[in-house]
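For reference, upload07.cif is printed below; it contains mmCIF, C-alpha atoms and all ligand atoms.
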```
data_target
#
loop_
_atom_site.label_atom_id
_atom_site.label_comp_id
_atom_site.auth_asym_id
_atom_site.auth_seq_id
_atom_site.Cartn_x
_atom_site.Cartn_y
_atom_site.Cartn_z
CA MET A 1 27.28 -32.40 63.82
CA TYR A 2 23.71 -33.63 64.51
CA ASN A 3 23.26 -36.78 62.46
CA PRO A 4 19.86 -38.46 62.89
CA GLN A 5 19.88 -42.23 62.57
CA PRO A 6 17.97 -44.08 59.86
CA VAL A 7 14.37 -44.86 60.87
CA PRO A 8 14.38 -48.50 62.06
CA ASP A 9 12.81 -51.23 59.95
CA TYR A 10 9.07 -51.93 60.60
CA LEU A 11 9.96 -55.14 62.46
CA LEU A 12 11.43 -52.97 65.23
CA GLN A 13 8.36 -50.70 65.49
CA SER A 14 5.36 -50.82 67.83
CA SER A 15 3.09 -53.87 67.48
CA GLU A 16 0.39 -51.80 65.69
CA VAL A 17 2.86 -50.59 63.07
CA ARG A 18 4.54 -53.98 62.74
CA GLU A 19 1.23 -55.76 62.17
CA ARG A 20 0.00 -53.18 59.66
CA PHE A 21 3.22 -53.48 57.61
CA ALA A 22 3.03 -57.28 57.77
CA ARG A 23 -0.53 -57.08 56.32
CA LEU A 24 0.58 -54.55 53.70
CA LYS A 25 3.54 -56.64 52.55
CA ALA A 26 1.33 -59.73 52.31
CA ARG A 27 -0.87 -57.98 49.70
CA GLU A 28 0.01 -58.49 46.05
CA PRO A 29 2.44 -56.07 44.40
CA ILE A 30 0.62 -53.55 42.17
CA LEU A 31 3.48 -51.41 40.94
CA GLU A 32 6.94 -52.81 40.20
CA VAL A 33 9.72 -50.53 39.05
CA ARG A 34 12.98 -52.19 38.01
CA ASN A 35 16.28 -50.46 37.18
CA LEU A 36 14.50 -47.44 35.73
CA THR A 37 16.79 -44.92 34.05
CA LYS A 38 15.90 -41.75 32.15
CA ARG A 39 18.37 -39.62 30.24
CA PHE A 40 17.50 -36.34 28.50
CA ALA A 41 19.53 -34.72 25.75
CA SER A 42 20.50 -31.20 26.77
CA PRO A 43 22.72 -28.48 25.22
CA GLN A 44 25.42 -29.43 27.76
CA GLY A 45 25.23 -33.08 26.70
CA GLU A 46 23.24 -35.93 28.12
CA HIS A 47 21.55 -35.40 31.48
CA THR A 48 20.64 -38.41 33.65
CA ALA A 49 17.38 -37.47 35.39
CA LEU A 50 16.76 -40.91 36.93
CA ALA A 51 19.35 -43.63 37.55
CA ASP A 52 18.57 -47.24 38.35
CA ILE A 53 15.38 -46.73 40.36
CA SER A 54 13.86 -49.93 41.76
CA PHE A 55 11.00 -50.42 44.22
CA THR A 56 7.74 -52.35 44.65
CA THR A 57 4.41 -51.00 45.88
CA HIS A 58 1.70 -53.26 47.30
CA ARG A 59 -2.06 -52.99 46.84
CA ARG A 60 -3.60 -50.17 48.91
CA GLU A 61 -0.22 -48.87 49.98
CA PHE A 62 0.20 -45.11 50.36
CA VAL A 63 3.66 -44.14 49.06
CA CYS A 64 5.01 -40.60 49.22
CA VAL A 65 8.02 -39.40 47.23
CA ILE A 66 10.30 -36.70 48.60
CA GLY A 67 13.44 -35.23 47.07
CA PRO A 68 15.11 -31.94 46.24
CA SER A 69 13.83 -29.86 43.33
CA GLY A 70 15.01 -31.28 40.01
CA CYS A 71 15.75 -34.78 41.33
CA GLY A 72 13.34 -36.33 38.83
CA LYS A 73 10.11 -36.80 40.83
CA SER A 74 7.83 -35.52 38.07
CA THR A 75 9.82 -37.43 35.45
CA LEU A 76 9.32 -40.61 37.49
CA ILE A 77 5.57 -40.13 37.88
CA ARG A 78 5.18 -39.23 34.19
CA ILE A 79 6.92 -42.48 33.25
CA LEU A 80 4.61 -44.39 35.62
CA ALA A 81 1.65 -42.65 33.97
CA GLY A 82 2.96 -43.60 30.52
CA LEU A 83 3.27 -39.93 29.50
CA GLU A 84 7.04 -40.25 29.11
CA THR A 85 9.16 -43.22 28.05
CA GLN A 86 12.14 -44.45 30.03
CA THR A 87 15.61 -44.87 28.56
CA SER A 88 15.93 -48.30 30.16
CA GLY A 89 14.36 -50.40 32.88
CA GLU A 90 10.83 -51.57 33.40
CA VAL A 91 7.54 -50.47 34.98
CA ARG A 92 4.83 -53.07 35.62
CA VAL A 93 1.30 -52.49 36.88
CA ASP A 94 -0.47 -55.68 37.96
CA GLY A 95 2.35 -57.59 36.26
CA LYS A 96 1.80 -55.92 32.86
CA ALA A 97 4.52 -53.71 31.37
CA VAL A 98 3.47 -50.05 31.02
CA ARG A 99 3.57 -48.97 27.38
CA GLY A 100 1.58 -45.71 27.54
CA PRO A 101 -1.30 -44.10 29.43
CA GLY A 102 -4.05 -46.45 30.63
CA VAL A 103 -7.21 -46.48 32.74
CA ASP A 104 -5.42 -48.50 35.42
CA ARG A 105 -3.57 -45.28 36.38
CA GLY A 106 -5.33 -42.02 37.34
CA MET A 107 -3.41 -38.77 37.58
CA VAL A 108 -3.86 -35.59 39.65
CA PHE A 109 -1.46 -32.69 39.03
CA GLN A 110 -0.62 -29.57 41.03
CA GLY A 111 -2.09 -27.24 38.41
CA TYR A 112 -5.84 -27.34 38.05
CA THR A 113 -6.58 -29.46 35.03
CA LEU A 114 -10.38 -29.58 34.89
CA PHE A 115 -12.02 -28.75 31.56
CA PRO A 116 -13.25 -25.18 32.16
CA TRP A 117 -16.08 -25.48 29.62
CA LEU A 118 -17.65 -28.51 31.31
CA THR A 119 -19.64 -28.59 34.56
CA VAL A 120 -18.19 -30.41 37.56
CA LYS A 121 -20.44 -33.39 36.86
CA LYS A 122 -19.48 -33.52 33.18
CA ASN A 123 -15.79 -33.32 34.11
CA VAL A 124 -16.20 -36.43 36.26
CA MET A 125 -18.33 -38.15 33.60
CA PHE A 126 -15.78 -37.46 30.86
CA GLY A 127 -13.60 -40.57 31.25
CA LEU A 128 -16.63 -42.81 31.77
CA ARG A 129 -18.25 -41.57 28.55
CA MET A 130 -14.92 -41.94 26.70
CA SER A 131 -14.76 -45.57 27.78
CA GLY A 132 -18.20 -46.15 26.24
CA GLN A 133 -20.50 -45.89 29.24
CA GLY A 134 -24.08 -44.65 28.63
CA ALA A 135 -25.01 -41.13 29.76
CA ALA A 136 -27.43 -42.17 32.53
CA GLN A 137 -25.04 -44.67 34.11
CA ALA A 138 -22.06 -42.27 33.79
CA GLN A 139 -24.09 -39.54 35.50
CA ARG A 140 -25.12 -41.87 38.34
CA GLU A 141 -21.52 -42.89 38.95
CA ALA A 142 -20.20 -39.33 38.67
CA LEU A 143 -22.66 -38.17 41.33
CA GLN A 144 -21.56 -40.98 43.64
CA TRP A 145 -17.91 -39.97 43.30
CA LEU A 146 -18.82 -36.31 43.83
CA ASP A 147 -20.70 -37.35 46.95
CA LEU A 148 -17.57 -39.16 48.18
CA VAL A 149 -15.51 -35.95 47.86
CA GLY A 150 -18.35 -33.90 49.39
CA LEU A 151 -19.23 -31.90 46.26
CA GLU A 152 -22.51 -33.37 45.06
CA LYS A 153 -24.16 -29.96 45.56
CA PHE A 154 -21.70 -28.43 43.09
CA ALA A 155 -22.39 -30.95 40.32
CA ASN A 156 -23.76 -28.27 37.99
CA ALA A 157 -21.19 -25.57 38.83
CA TYR A 158 -18.30 -24.73 36.49
CA PRO A 159 -14.66 -25.03 37.63
CA HIS A 160 -14.17 -21.23 37.83
CA GLN A 161 -16.89 -21.12 40.50
CA LEU A 162 -14.88 -23.42 42.82
CA SER A 163 -12.05 -22.76 45.28
CA GLY A 164 -8.64 -24.38 44.71
CA GLY A 165 -9.33 -27.13 47.26
CA MET A 166 -12.70 -27.89 45.65
CA LYS A 167 -11.11 -28.09 42.19
CA GLN A 168 -8.62 -30.65 43.47
CA ARG A 169 -11.45 -32.65 45.03
CA VAL A 170 -13.18 -32.75 41.64
CA ALA A 171 -9.87 -33.79 40.04
CA ILE A 172 -9.63 -36.66 42.55
CA ALA A 173 -13.25 -37.69 41.86
CA ARG A 174 -12.59 -37.54 38.11
CA ALA A 175 -9.50 -39.73 38.44
CA LEU A 176 -11.21 -42.25 40.76
CA ALA A 177 -14.34 -42.51 38.59
CA ASN A 178 -12.34 -44.44 36.00
CA ARG A 179 -11.59 -47.08 38.67
CA PRO A 180 -7.80 -46.91 38.39
CA ARG A 181 -5.60 -49.33 40.34
CA ILE A 182 -3.17 -46.54 41.19
CA LEU A 183 -3.71 -42.84 41.81
CA LEU A 184 -0.62 -40.88 40.74
CA MET A 185 -0.48 -37.45 42.41
CA ASP A 186 2.22 -34.86 41.60
CA GLU A 187 2.22 -32.22 44.38
CA PRO A 188 -1.59 -32.07 44.24
CA PHE A 189 -1.89 -29.74 47.24
CA GLY A 190 1.18 -27.61 46.44
CA ALA A 191 -0.83 -24.55 45.37
CA LEU A 192 -3.27 -24.58 48.31
CA ASP A 193 -3.08 -22.40 51.44
CA ALA A 194 -1.96 -24.16 54.63
CA GLN A 195 -5.44 -24.61 56.11
CA THR A 196 -7.02 -26.00 52.94
CA ARG A 197 -4.01 -28.22 52.44
CA ALA A 198 -4.42 -29.73 55.93
CA LYS A 199 -8.11 -30.33 55.24
CA MET A 200 -7.30 -32.02 51.92
CA GLN A 201 -4.74 -34.29 53.58
CA ARG A 202 -7.35 -35.57 56.04
CA HIS A 203 -9.89 -35.87 53.25
CA LEU A 204 -7.51 -37.89 51.06
CA LEU A 205 -6.85 -40.31 53.95
CA ASP A 206 -10.63 -40.74 54.38
CA ILE A 207 -11.01 -41.53 50.68
CA TRP A 208 -8.06 -43.93 50.72
CA ARG A 209 -9.57 -45.76 53.71
CA ASN A 210 -12.82 -46.32 51.78
CA VAL A 211 -11.64 -47.05 48.24
CA ASP A 212 -9.54 -49.92 46.86
CA ILE A 213 -6.76 -47.66 45.61
CA THR A 214 -2.97 -47.51 45.82
CA ILE A 215 -1.62 -43.95 46.08
CA PHE A 216 1.71 -42.66 44.77
CA PHE A 217 2.04 -39.08 46.00
CA ILE A 218 4.83 -36.56 45.35
CA THR A 219 5.32 -33.72 47.80
CA HIS A 220 7.89 -31.17 48.93
CA ASP A 221 6.40 -31.05 52.41
CA LEU A 222 8.11 -33.40 54.88
CA ASP A 223 5.24 -33.29 57.41
CA GLU A 224 2.71 -34.02 54.68
CA ALA A 225 4.71 -37.09 53.60
CA ILE A 226 4.93 -38.47 57.16
CA PHE A 227 1.26 -37.69 57.88
CA LEU A 228 0.04 -39.52 54.75
CA ALA A 229 2.47 -42.30 53.88
CA ASP A 230 3.04 -45.92 54.75
CA ARG A 231 6.47 -45.64 53.13
CA ILE A 232 8.43 -42.63 51.90
CA LEU A 233 10.68 -42.98 48.87
CA VAL A 234 13.50 -40.46 49.32
CA LEU A 235 15.28 -39.49 46.10
CA LYS A 236 18.56 -37.63 45.74
CA ALA A 237 19.48 -35.37 42.85
CA ASN A 238 22.04 -35.55 40.02
CA PRO A 239 21.32 -38.23 39.13
CA GLY A 240 17.93 -39.01 40.67
CA GLU A 241 18.53 -42.16 42.70
CA VAL A 242 16.74 -43.87 45.57
CA GLN A 243 18.43 -42.65 48.71
CA GLU A 244 16.25 -44.39 51.27
CA LEU A 245 12.84 -46.07 51.53
CA ILE A 246 11.46 -45.19 54.96
CA GLU A 247 8.80 -47.31 56.67
CA VAL A 248 6.91 -44.62 58.56
CA PRO A 249 6.72 -45.69 62.22
CA VAL A 250 3.71 -43.49 63.06
CA PRO A 251 0.55 -45.52 63.94
CA ARG A 252 -2.77 -45.08 62.10
CA PRO A 253 -5.27 -43.51 62.16
CA ARG A 254 -3.12 -40.41 61.81
CA SER A 255 -3.89 -37.16 63.62
CA TYR A 256 -2.16 -33.82 64.06
CA ALA A 257 -1.56 -34.67 67.74
CA GLN A 258 1.07 -37.13 66.46
CA PHE A 259 3.23 -34.33 64.98
CA ASN A 260 5.10 -34.09 68.29
CA SER A 261 5.34 -37.83 68.93
CA PRO A 262 8.88 -39.28 69.17
CA GLU A 263 8.28 -41.44 66.03
CA PHE A 264 7.09 -38.47 63.99
CA LEU A 265 9.98 -36.25 65.12
CA ALA A 266 12.60 -38.96 64.49
CA THR A 267 11.25 -39.50 60.95
CA ARG A 268 11.20 -35.77 60.33
CA ALA A 269 14.77 -35.34 61.55
CA ARG A 270 15.93 -38.16 59.28
CA LEU A 271 14.12 -36.73 56.23
CA ASP A 272 15.49 -33.28 56.97
CA ALA A 273 19.04 -34.63 57.12
CA LEU A 274 18.57 -36.52 53.84
CA ILE A 275 16.96 -33.64 51.95
CA HIS A 276 18.96 -30.73 53.36
CA PRO A 277 22.44 -32.09 54.11
CA PRO A 278 24.88 -29.37 55.27
CA THR A 279 27.36 -28.74 52.44
CA GLN A 280 30.92 -29.77 53.21
CA ASP A 281 32.56 -26.40 52.75
CA GLN A 282 30.05 -24.64 55.01
CA THR A 283 31.25 -23.75 58.50
CA ASP A 284 28.92 -23.06 61.42
CA GLU A 285 29.73 -19.38 61.03
CA ASP A 286 28.72 -19.48 57.36
CA ILE A 287 25.37 -21.02 58.25
CA GLY A 288 24.66 -18.20 60.71
CA ALA A 289 26.05 -15.45 58.44
CA GLN A 290 23.79 -12.62 57.35
CA PRO A 291 23.37 -11.91 53.65
CA HIS A 292 24.81 -8.58 52.55
CA MET A 293 21.98 -6.03 52.63
CA ILE A 294 22.06 -2.87 50.61
CA ARG A 295 20.15 0.03 52.17
CA LEU A 296 17.99 1.55 49.44
CA THR A 297 16.12 3.86 51.80
CA ASP A 298 16.97 5.73 54.99
CA ILE A 299 15.70 3.44 57.78
CA HIS A 300 16.07 6.05 60.62
CA ASP A 301 16.03 3.63 63.57
CA SER A 302 15.99 -0.10 64.23
CA VAL A 303 12.73 -2.03 64.18
CA GLU A 304 14.02 -4.77 66.50
N1 LIG B 401 11.47 -32.89 28.72
C1 LIG B 401 12.65 -32.66 29.27
N2 LIG B 401 13.76 -32.40 28.53
C2 LIG B 401 14.96 -32.22 29.08
N3 LIG B 401 15.20 -32.25 30.41
C3 LIG B 401 14.15 -32.49 31.23
C4 LIG B 401 12.82 -32.70 30.71
N4 LIG B 401 11.98 -32.92 31.75
C5 LIG B 401 12.75 -32.84 32.86
N5 LIG B 401 14.04 -32.58 32.56
C6 LIG B 401 15.16 -32.46 33.52
O1 LIG B 401 15.14 -33.58 34.37
C7 LIG B 401 15.42 -33.21 35.71
C8 LIG B 401 14.30 -33.65 36.61
O2 LIG B 401 13.14 -32.85 36.37
P1 LIG B 401 11.77 -33.11 37.14
O3 LIG B 401 10.79 -32.12 36.65
O4 LIG B 401 11.42 -34.55 37.04
O5 LIG B 401 12.20 -32.77 38.65
P2 LIG B 401 11.31 -32.66 39.96
O6 LIG B 401 11.98 -33.50 40.99
O7 LIG B 401 9.89 -32.96 39.65
O8 LIG B 401 11.47 -31.12 40.37
P3 LIG B 401 10.47 -30.16 41.18
O9 LIG B 401 10.57 -30.60 42.61
O10 LIG B 401 11.01 -28.80 40.98
O11 LIG B 401 9.09 -30.35 40.62
C9 LIG B 401 15.65 -31.70 35.68
O12 LIG B 401 17.04 -31.47 35.63
C10 LIG B 401 14.97 -31.25 34.42
O13 LIG B 401 15.60 -30.12 33.88
MG MG B 402 8.08 -31.85 39.79
#
```
Full structure transcribed into structure tokens:
Amino acid sequence: MYNPQPVPDYLLQSSEVRERFARLKAREPILEVRNLTKRFASPQGEHTALADISFTTHRREFVCVIGPSGCGKSTLIRILAGLETQTSGEVRVDGKAVRGPGVDRGMVFQGYTLFPWLTVKKNVMFGLRMSGQGAAQAQREALQWLDLVGLEKFANAYPHQLSGGMKQRVAIARALANRPRILLMDEPFGALDAQTRAKMQRHLLDIWRNVDITIFFITHDLDEAIFLADRILVLKANPGEVQELIEVPVPRPRSYAQFNSPEFLATRARLDALIHPPTQDQTDEDIGAQPHMIRLTDIHDSVE
């Protein structure tokens, strides 16, 4: 059976990658998660969604989280955001224990969450006004953030007048306007078509390069995780546990030409093996077997 090896530690990578990780690890820790466990009561009894999760993220690190559906990714990010409480363990941001939502953490979800009754500009101004900023200053700042995401011209449009990609750019501007330390993103590009998604990935890297922000990004897409991340936190399901923390060996700046590089392919093969392990009772013949098809119409002849 093909069994890709773990991706080697950053110390064994190319000098560019090694030096970048050395710089990253020298920065102060922003997010510290220690022995985090979350149990939910369910009709079948108690369900452990997350078990003993521990990791540290440094300032301006880009972390992606990958794991099978139901492994607790959204539960984890909701606990980091303070929208859910853990059963045990600790989350610290800048050394302070998280006790609920706070302006130090901005959130972008997969579903579009802009206020439909407010213009784009007023959506971005919302948090600033809530934190007591005057209207003129809030407007100035909102326009700067809209400029950063390339949507200044749409400042007076309403969310329903924007495409999905544009809505997510406004959501990013709205989150960043509050000057969070960490941007928490739960499959933010999951509902976009492939082309828009690729554009948004490049755009997010541009923003990250220019803003003092640490990004914690959940995705189902293995290529997206490798393209974006410094490190990839791989979770396994039932219970959700850390399976591996991969130091992505692909140099920066990232480009699509790297998708076929040996480092990219080795990381992809490893992620694939971790996320989609062949089940033990499956034989090779089972894997190649055709599902049973019922003919509901007369197909006359073969199309292949
Ligand atoms: N409020 C809740 N009450 C009870 N069980 C919950 C609750 N929220 C999540 N769960 C359970 O916890 C587990 C993890 O759910 P979660 O939504 O975090 O998974 P996920 O990794 O984000 O999945 P997906 O990839 O499909 O988004 C699931 O088994 C889910 O049913
Ligand atoms: Mg989820």
Could I get the residue neighbourhood of ligand MG 402 (chain B) at 8 Å, counting all atoms listed in the file, as a ChimeraX atom specification? /A:69-70,72-75,186-187,218
Can you tell me which residues sit at most 12 Å away from ligand LIG 401 (chain B), counting only C-alpha atoms and all ligand atoms, written as a PyMOL selection string? chain A and resi 37-51+65-79+83-86+109-111+185-188+190+217-221+234-241+275
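With CA of Phe216 in chain A on one side and CA of Glu19 in chain A on the other, the separation reads 21.8 Å.
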Determine the nearest neighbour of Leu204 in chain A from the options A:Pro159, A:Gly150, A:Pro249, A:Gly89, counting only C-alpha atoms. A:Gly150
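The protein and nucleic acid residues lying at most 6 Å from Pro29 in chain A are Thr57, His58 and Arg59 of chain A, with all atoms listed in the file considered and sequence neighbours fewer than 4 positions away removed.
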Taking only C-alpha atoms into account, name the residue in A:Leu12, A:Ala22, A:Met200, A:Ala229 that is nearest to Arg254 in chain A. A:Ala229
Within 12 Å of Asn3 in chain A using all atoms listed in the file, minus same-chain residues under 2 positions, as a compact mmCIF listing (two decimals) with C-alpha atoms, keeping the file's coordinate frame:
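Final file, out39.txt:
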```
# COMPACT_ATOMS: atom_id res chain seq x y z
CA MET A 1 27.28 -32.40 63.82
CA GLN A 5 19.88 -42.23 62.57
CA PRO A 6 17.97 -44.08 59.86
CA ALA A 266 12.60 -38.96 64.49
CA ALA A 269 14.77 -35.34 61.55
CA ARG A 270 15.93 -38.16 59.28
CA LEU A 271 14.12 -36.73 56.23
CA ASP A 272 15.49 -33.28 56.97
CA ALA A 273 19.04 -34.63 57.12
CA LEU A 274 18.57 -36.52 53.84
CA HIS A 276 18.96 -30.73 53.36
CA PRO A 277 22.44 -32.09 54.11
CA PRO A 278 24.88 -29.37 55.27
```
Looking at A:Val63, A:Ala26, A:Ala97, A:Leu118, which one is nearest to Ile246 in chain A, with distances taken over only C-alpha atoms? A:Val63
List every protein, DNA or RNA residue with an atom no more than 12 Å from (-12.7, -26.0, 46.9) in the file's coordinates, counting all atoms listed in the file, and format the result as a short mmCIF file (atom, residue, chain, number, x, y, z; two decimals) with C-alpha atoms, in the frame of the given file.
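Final output, out37.cif:
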```cif
data_model
loop_
_atom_site.label_atom_id
_atom_site.label_comp_id
_atom_site.auth_asym_id
_atom_site.auth_seq_id
_atom_site.Cartn_x
_atom_site.Cartn_y
_atom_site.Cartn_z
CA TYR A 112 -5.84 -27.34 38.05
CA VAL A 120 -18.19 -30.41 37.56
CA VAL A 149 -15.51 -35.95 47.86
CA GLY A 150 -18.35 -33.90 49.39
CA LEU A 151 -19.23 -31.90 46.26
CA PHE A 154 -21.70 -28.43 43.09
CA ALA A 157 -21.19 -25.57 38.83
CA TYR A 158 -18.30 -24.73 36.49
CA PRO A 159 -14.66 -25.03 37.63
CA HIS A 160 -14.17 -21.23 37.83
CA GLN A 161 -16.89 -21.12 40.50
CA LEU A 162 -14.88 -23.42 42.82
CA SER A 163 -12.05 -22.76 45.28
CA GLY A 164 -8.64 -24.38 44.71
CA GLY A 165 -9.33 -27.13 47.26
CA MET A 166 -12.70 -27.89 45.65
CA LYS A 167 -11.11 -28.09 42.19
CA GLN A 168 -8.62 -30.65 43.47
CA ARG A 169 -11.45 -32.65 45.03
CA VAL A 170 -13.18 -32.75 41.64
CA ALA A 171 -9.87 -33.79 40.04
CA ILE A 172 -9.63 -36.66 42.55
CA PHE A 189 -1.89 -29.74 47.24
CA LEU A 192 -3.27 -24.58 48.31
CA ASP A 193 -3.08 -22.40 51.44
CA GLN A 195 -5.44 -24.61 56.11
CA THR A 196 -7.02 -26.00 52.94
CA ARG A 197 -4.01 -28.22 52.44
CA LYS A 199 -8.11 -30.33 55.24
CA MET A 200 -7.30 -32.02 51.92
#
```
Nearest to Phe259 in chain A: which of A:Met130, A:Ala225, A:Leu114, A:Cys64 is it, counting all atoms listed in the file? A:Ala225
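Using only C-alpha atoms, the smallest distance between any of A:Arg105, A:Asp301, A:Ile207, A:Phe55 and Trp145 in chain A comes from A:Ile207.
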Pick from A:Arg60, A:Lys121, A:Arg34, A:Arg252: nearest to Leu80 in chain A, with all atoms listed in the file counted? A:Arg34
Correct to one decimal, the distance CA of Ser261 in chain A-CA of Ser14 in chain A is 13.0 Å
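Note that the spacing between CA of Thr267 in chain A and CA of Val248 in chain A amounts to 7.1 Å.
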Once 3 Å is added on each side, what centre and edge lengths in Å to one decimal does the axis-aligned box around all listed atoms of range 9-23 of chain A have, as AutoDock Vina command-line options?
```
--center_x 6.1 --center_y -53.9 --center_z 62.1 --size_x 19.3 --size_y 12.7 --size_z 17.5
```
Which polymer residues, protein or nucleic acid, are no farther than 9 Å from (2.8, -52.6, 55.6), counting only C-alpha atoms, as a PyMOL selection string? chain A and resi 10+17-27+58+61+230-231+247
Residue contacts of range 136-140 of chain A (12 Å, all atoms listed in the file) excluding same-chain residues fewer than 2 positions away, as number ranges by chain: A: 119-134, 142-147, 152, 155-156, 174, 177-178
